file my_file28.txt (compact mmCIF, C-alpha atoms)
# COMPACT_ATOMS: atom_id res chain seq x y z
CA MET A 1 0.00 0.00 0.00
CA ALA A 2 2.83 2.42 0.83
CA MET A 3 4.38 1.69 -2.49
CA ILE A 4 1.18 2.64 -4.35
CA ARG A 5 0.89 5.86 -2.30
CA THR A 6 4.48 6.76 -3.19
CA LEU A 7 3.83 6.05 -6.85
CA PHE A 8 0.73 8.26 -6.86
CA ARG A 9 2.67 11.03 -5.11
CA TYR A 10 5.37 10.92 -7.81
CA LEU A 11 2.77 10.84 -10.59
CA ASP A 12 0.91 13.79 -9.02
CA ARG A 13 4.13 15.80 -8.75
CA PHE A 14 5.01 14.89 -12.35
CA ARG A 15 1.53 16.02 -13.50
CA ARG A 16 1.86 19.43 -11.82
CA ASP A 17 5.46 20.07 -12.91
CA HIS A 18 5.55 22.18 -16.11
CA ARG A 19 9.32 22.44 -16.55
CA GLY A 20 10.44 21.24 -19.98
CA THR A 21 7.02 21.64 -21.59
CA ALA A 22 8.31 24.13 -24.16
CA LEU A 23 11.14 21.78 -25.07
CA VAL A 24 8.73 18.92 -25.73
CA GLU A 25 6.44 21.15 -27.82
CA THR A 26 9.42 22.43 -29.81
CA ALA A 27 10.67 18.91 -30.39
CA LEU A 28 7.26 17.94 -31.78
CA ILE A 29 6.73 21.02 -34.01
CA LEU A 30 10.27 21.70 -35.29
CA PRO A 31 10.43 18.78 -37.77
CA LEU A 32 7.27 20.13 -39.41
CA MET A 33 8.16 23.84 -39.34
CA VAL A 34 11.67 23.68 -40.85
CA PRO A 35 10.63 22.06 -44.17
CA LEU A 36 7.52 24.24 -44.34
CA THR A 37 9.57 27.41 -43.85
CA ALA A 38 12.17 26.28 -46.38
CA GLY A 39 9.40 25.52 -48.88
CA VAL A 40 7.91 29.00 -48.45
CA PHE A 41 11.28 30.63 -49.13
CA GLU A 42 11.91 28.38 -52.13
CA PHE A 43 8.48 29.09 -53.60
CA GLY A 44 9.06 32.83 -53.10
CA ASN A 45 12.38 32.57 -54.97
CA LEU A 46 10.72 30.67 -57.82
CA ILE A 47 7.95 33.29 -58.14
CA HIS A 48 10.54 36.09 -58.06
CA LYS A 49 12.46 34.56 -60.97
CA LYS A 50 9.24 34.00 -62.92
CA LEU A 51 8.28 37.66 -62.46
CA LEU A 52 11.75 38.83 -63.56
CA MET A 53 11.46 36.64 -66.66
CA GLU A 54 8.01 37.98 -67.51
CA ALA A 55 9.16 41.58 -67.02
CA GLY A 56 12.03 40.98 -69.45
CA LEU A 57 9.72 39.41 -72.05
CA SER A 58 7.29 42.31 -71.68
CA ASP A 59 10.08 44.86 -72.19
CA ALA A 60 11.36 42.95 -75.23
CA ALA A 61 7.95 42.73 -76.89
CA ARG A 62 7.28 46.41 -76.23
CA PHE A 63 10.59 47.39 -77.82
CA ALA A 64 10.17 45.05 -80.80
CA ALA A 65 6.65 46.37 -81.47
CA ARG A 66 8.03 49.88 -81.90
CA CYS A 67 11.38 49.09 -83.52
CA ASN A 68 11.73 49.94 -87.20
CA SER A 69 15.00 48.89 -88.83
CA GLN A 70 13.88 50.44 -92.14
CA LEU A 71 13.78 53.85 -90.44
CA TYR A 72 17.49 53.53 -89.59
CA THR A 73 18.37 52.37 -93.10
CA ASN A 74 16.41 55.23 -94.72
CA ALA A 75 18.21 57.73 -92.48
CA GLY A 76 21.57 56.45 -93.73
CA LEU A 77 22.38 54.75 -90.42
CA ALA A 78 23.57 51.19 -90.01
CA ALA A 79 20.72 48.69 -90.12
CA ILE A 80 19.73 47.20 -86.80
CA ASN A 81 18.36 43.78 -85.94
CA CYS A 82 15.24 44.55 -83.90
CA ALA A 83 14.74 40.94 -82.74
CA ASP A 84 18.33 40.65 -81.48
CA ILE A 85 18.14 43.93 -79.60
CA ALA A 86 14.80 42.90 -78.10
CA THR A 87 16.36 39.62 -76.96
CA ASN A 88 19.17 41.57 -75.28
CA ILE A 89 16.57 43.71 -73.52
CA ALA A 90 14.71 40.62 -72.31
CA VAL A 91 17.77 38.90 -70.88
CA PHE A 92 20.08 41.75 -69.85
CA GLY A 93 17.74 44.73 -69.52
CA ASN A 94 19.70 46.81 -72.04
CA ALA A 95 20.00 47.00 -75.82
CA ALA A 96 23.73 46.28 -75.90
CA GLY A 97 23.38 42.93 -74.13
CA THR A 98 26.10 43.76 -71.62
CA GLY A 99 26.31 43.23 -67.90
CA ASN A 100 24.65 40.60 -65.80
CA ALA A 101 21.52 38.83 -66.93
CA ARG A 102 18.30 39.67 -65.10
CA ILE A 103 18.31 36.07 -63.86
CA ALA A 104 21.56 34.21 -63.33
CA GLY A 105 21.79 31.36 -65.81
CA TRP A 106 19.17 32.68 -68.27
CA PRO A 107 20.81 32.41 -71.72
CA LYS A 108 19.80 34.42 -74.79
CA ALA A 109 19.25 31.12 -76.59
CA ASN A 110 16.16 30.53 -74.44
CA VAL A 111 14.43 33.71 -75.65
CA THR A 112 12.67 34.06 -79.00
CA VAL A 113 11.35 37.36 -80.34
CA THR A 114 9.11 37.04 -83.37
CA ILE A 115 8.14 40.18 -85.24
CA ALA A 116 5.10 39.90 -87.54
CA ALA A 117 5.61 36.23 -88.32
CA PRO A 118 3.46 34.62 -90.99
CA GLY A 119 0.09 33.90 -89.48
CA SER A 120 0.44 36.60 -86.83
CA CYS A 121 -1.09 39.30 -89.03
CA HIS A 122 -4.87 39.61 -89.08
CA ASP A 123 -7.25 41.69 -91.16
CA ALA A 124 -8.57 44.65 -89.19
CA VAL A 125 -11.96 44.43 -90.89
CA VAL A 126 -13.51 41.12 -91.94
CA ALA A 127 -16.75 41.15 -93.97
CA GLY A 128 -17.47 44.70 -92.87
CA VAL A 129 -17.02 43.89 -89.19
CA THR A 130 -14.17 45.62 -87.34
CA GLN A 131 -12.06 42.95 -85.67
CA TYR A 132 -9.22 45.25 -84.56
CA ARG A 133 -9.15 49.02 -84.28
CA SER A 134 -6.42 50.12 -86.60
CA THR A 135 -5.48 52.74 -89.16
CA THR A 136 -4.03 49.98 -91.34
CA SER A 137 -5.76 47.13 -93.11
CA GLN A 138 -3.85 44.53 -91.11
CA VAL A 139 -2.81 44.20 -87.48
CA CYS A 140 0.37 42.24 -86.81
CA ILE A 141 1.56 40.80 -83.51
CA VAL A 142 5.01 40.76 -81.92
CA ARG A 143 5.67 37.86 -79.54
CA ALA A 144 8.49 37.46 -77.04
CA ALA A 145 8.69 33.99 -75.50
CA GLY A 146 11.21 32.40 -73.23
CA THR A 147 12.00 29.52 -70.92
CA LEU A 148 14.15 29.23 -67.83
CA ASP A 149 15.45 26.01 -66.33
CA TYR A 150 15.01 26.38 -62.56
CA ASN A 151 17.39 23.96 -60.90
CA ASP A 152 17.67 25.56 -57.44
CA ILE A 153 14.89 23.48 -55.91
CA GLY A 154 16.73 22.93 -52.61
CA MET A 155 14.76 20.93 -50.08
CA LEU A 156 11.96 20.25 -52.56
CA SER A 157 14.21 17.59 -54.06
CA LEU A 158 13.53 15.55 -50.90
CA LEU A 159 9.92 15.35 -52.07
CA GLY A 160 11.02 14.04 -55.45
CA ILE A 161 10.50 17.34 -57.27
CA GLY A 162 13.12 17.68 -59.99
CA PRO A 163 14.22 20.66 -62.06
CA ILE A 164 11.36 22.93 -63.12
CA THR A 165 11.11 24.75 -66.46
CA LEU A 166 9.50 28.16 -66.20
CA SER A 167 8.04 29.54 -69.41
CA GLY A 168 6.33 32.74 -70.38
CA PHE A 169 5.47 35.01 -73.28
CA HIS A 170 4.21 38.50 -74.00
CA GLU A 171 2.47 39.78 -77.12
CA GLU A 172 2.17 43.34 -78.38
CA ARG A 173 0.55 44.86 -81.42
CA LEU A 174 3.16 45.87 -84.04
CA ILE A 175 3.26 49.66 -84.15
CA ARG A 176 6.52 50.61 -85.89
CA PHE A 177 7.03 54.34 -85.96
call {"tool": "encode", "arguments": {"input": "my_file28.txt", "output": "structure tokens"}}
result
Amino acid sequence: MAMIRTLFRYLDRFRRDHRGTALVETALILPLMVPLTAGVFEFGNLIHKKLLMEAGLSDAARFAARCNSQLYTNAGLAAINCADIATNIAVFGNAAGTGNARIAGWPKANVTVTIAAPGSCHDAVVAGVTQYRSTTSQVCIVRAAGTLDYNDIGMLSLLGIGPITLSGFHEERLIRF
């Protein structure tokens, strides 16, 4: 009987003692919180790179839609390659294609700028119905498209997620001044 009383006394003291509770809670939650936090940071990095890529493609399409190499030639200046300059703008953020790329590891080879490709021009008016508002009979489209191999997946590789390919495009109406 004394042994049972002693056991109950120890169990009662153990029940009322709260020392070490935070350590036990931390030990239970930490294995869940570390991967979750790392995943949030990794996802944020992935979205940031996607937004940088889309901003570059948007800038490239906007430039290519307004670029007119014929204007340079008619003015007696050296002819320019609008698509190449637009590609430089997409990747490097400048027409010369110098400096660091917007995104480390994003090569020019992964960006395509298409200016008024066959099939991208549409009649402004079809059978008397205005399809596109325009001062010209046809409306042509400029398209900047690109891909980025995202290999920095970090802890997501533990879940079996391999390299991800980000892709994007931007289209503008060809204006040409």
call {"tool": "closest_residue", "arguments": {"input": "my_file28.txt", "among": "A:Asp12, A:Ser134, A:Ile29, A:Ile89", "to": "Glu54 in chain A", "atoms": "all atoms listed in the file"}}
result
A:Ile89
call {"tool": "residues_around", "arguments": {"input": "my_file28.txt", "residues": "Ile175 in chain A", "least_positions_apart": "6", "cutoff": "12 Å", "atoms": "all atoms listed in the file", "output": "number ranges by chain"}}
result
A: 61-68, 115-116, 134-136, 138-142
call {"tool": "closest_residue", "arguments": {"input": "my_file28.txt", "among": "A:Ala55, A:Ala145, A:Ile153, A:Ala124", "to": "Ala38 in chain A", "atoms": "only C-alpha atoms"}}
result
A:Ile153
call {"tool": "closest_residue", "arguments": {"input": "my_file28.txt", "among": "A:Leu52, A:Val125, A:Ala144, A:Ala75", "to": "Thr87 in chain A", "atoms": "all atoms listed in the file"}}
result
A:Ala144
call {"tool": "residues_around", "arguments": {"input": "my_file28.txt", "residues": "Phe43 in chain A", "least_positions_apart": "4", "cutoff": "12 Å", "atoms": "only C-alpha atoms", "output": "list in words"}}
result
Pro35, Leu36, Thr37, Ala38, Gly39, Ile47, His48, Lys49, Lys50, Tyr150, Asp152, Ile153, Gly154, Met155, Leu156 and Ile164 of chain A
call {"tool": "atom_distance", "arguments": {"input": "my_file28.txt", "atom1": "CA of Glu172 in chain A", "atom2": "CA of Cys121 in chain A"}}
result
11.8 Å
call {"tool": "atom_distance", "arguments": {"input": "my_file28.txt", "atom1": "CA of Lys108 in chain A", "atom2": "CA of Ser58 in chain A"}}
result
15.1 Å
call {"tool": "atom_distance", "arguments": {"input": "my_file28.txt", "atom1": "CA of Ile103 in chain A", "atom2": "CA of Leu148 in chain A"}}
result
8.9 Å
call {"tool": "residues_near_point", "arguments": {"input": "my_file28.txt", "point": "(20.4, 40.0, -79.2)", "cutoff": "10 Å", "atoms": "only C-alpha atoms", "output": "PyMOL selection string"}}
result
chain A and resi 81-92+94-97+108-109+111-113
call {"tool": "closest_residue", "arguments": {"input": "my_file28.txt", "among": "A:Leu71, A:Val126, A:Ala101, A:Leu159", "to": "Arg176 in chain A", "atoms": "only C-alpha atoms"}}
result
A:Leu71
call {"tool": "decode", "arguments": {"input": "my_file28.txt", "residues": "range 122-158 of chain A", "atoms": "C-alpha atoms", "output": "CSV table (one decimal), in the first residue's frame"}}
result
chain,number,residue,atom,x,y,z
A,122,HIS,CA,-4.9,39.6,-89.1
A,123,ASP,CA,-7.2,41.7,-91.2
A,124,ALA,CA,-8.6,44.7,-89.2
A,125,VAL,CA,-12.0,44.4,-90.9
A,126,VAL,CA,-13.5,41.1,-91.9
A,127,ALA,CA,-16.8,41.1,-94.0
A,128,GLY,CA,-17.5,44.7,-92.9
A,129,VAL,CA,-17.0,43.9,-89.2
A,130,THR,CA,-14.2,45.6,-87.3
A,131,GLN,CA,-12.1,43.0,-85.7
A,132,TYR,CA,-9.2,45.3,-84.6
A,133,ARG,CA,-9.2,49.0,-84.3
A,134,SER,CA,-6.4,50.1,-86.6
A,135,THR,CA,-5.5,52.7,-89.2
A,136,THR,CA,-4.0,50.0,-91.3
A,137,SER,CA,-5.8,47.1,-93.1
A,138,GLN,CA,-3.9,44.5,-91.1
A,139,VAL,CA,-2.8,44.2,-87.5
A,140,CYS,CA,0.4,42.2,-86.8
A,141,ILE,CA,1.6,40.8,-83.5
A,142,VAL,CA,5.0,40.8,-81.9
A,143,ARG,CA,5.7,37.9,-79.5
A,144,ALA,CA,8.5,37.5,-77.0
A,145,ALA,CA,8.7,34.0,-75.5
A,146,GLY,CA,11.2,32.4,-73.2
A,147,THR,CA,12.0,29.5,-70.9
A,148,LEU,CA,14.2,29.2,-67.8
A,149,ASP,CA,15.5,26.0,-66.3
A,150,TYR,CA,15.0,26.4,-62.6
A,151,ASN,CA,17.4,24.0,-60.9
A,152,ASP,CA,17.7,25.6,-57.4
A,153,ILE,CA,14.9,23.5,-55.9
A,154,GLY,CA,16.7,22.9,-52.6
A,155,MET,CA,14.8,20.9,-50.1
A,156,LEU,CA,12.0,20.2,-52.6
A,157,SER,CA,14.2,17.6,-54.1
A,158,LEU,CA,13.5,15.6,-50.9
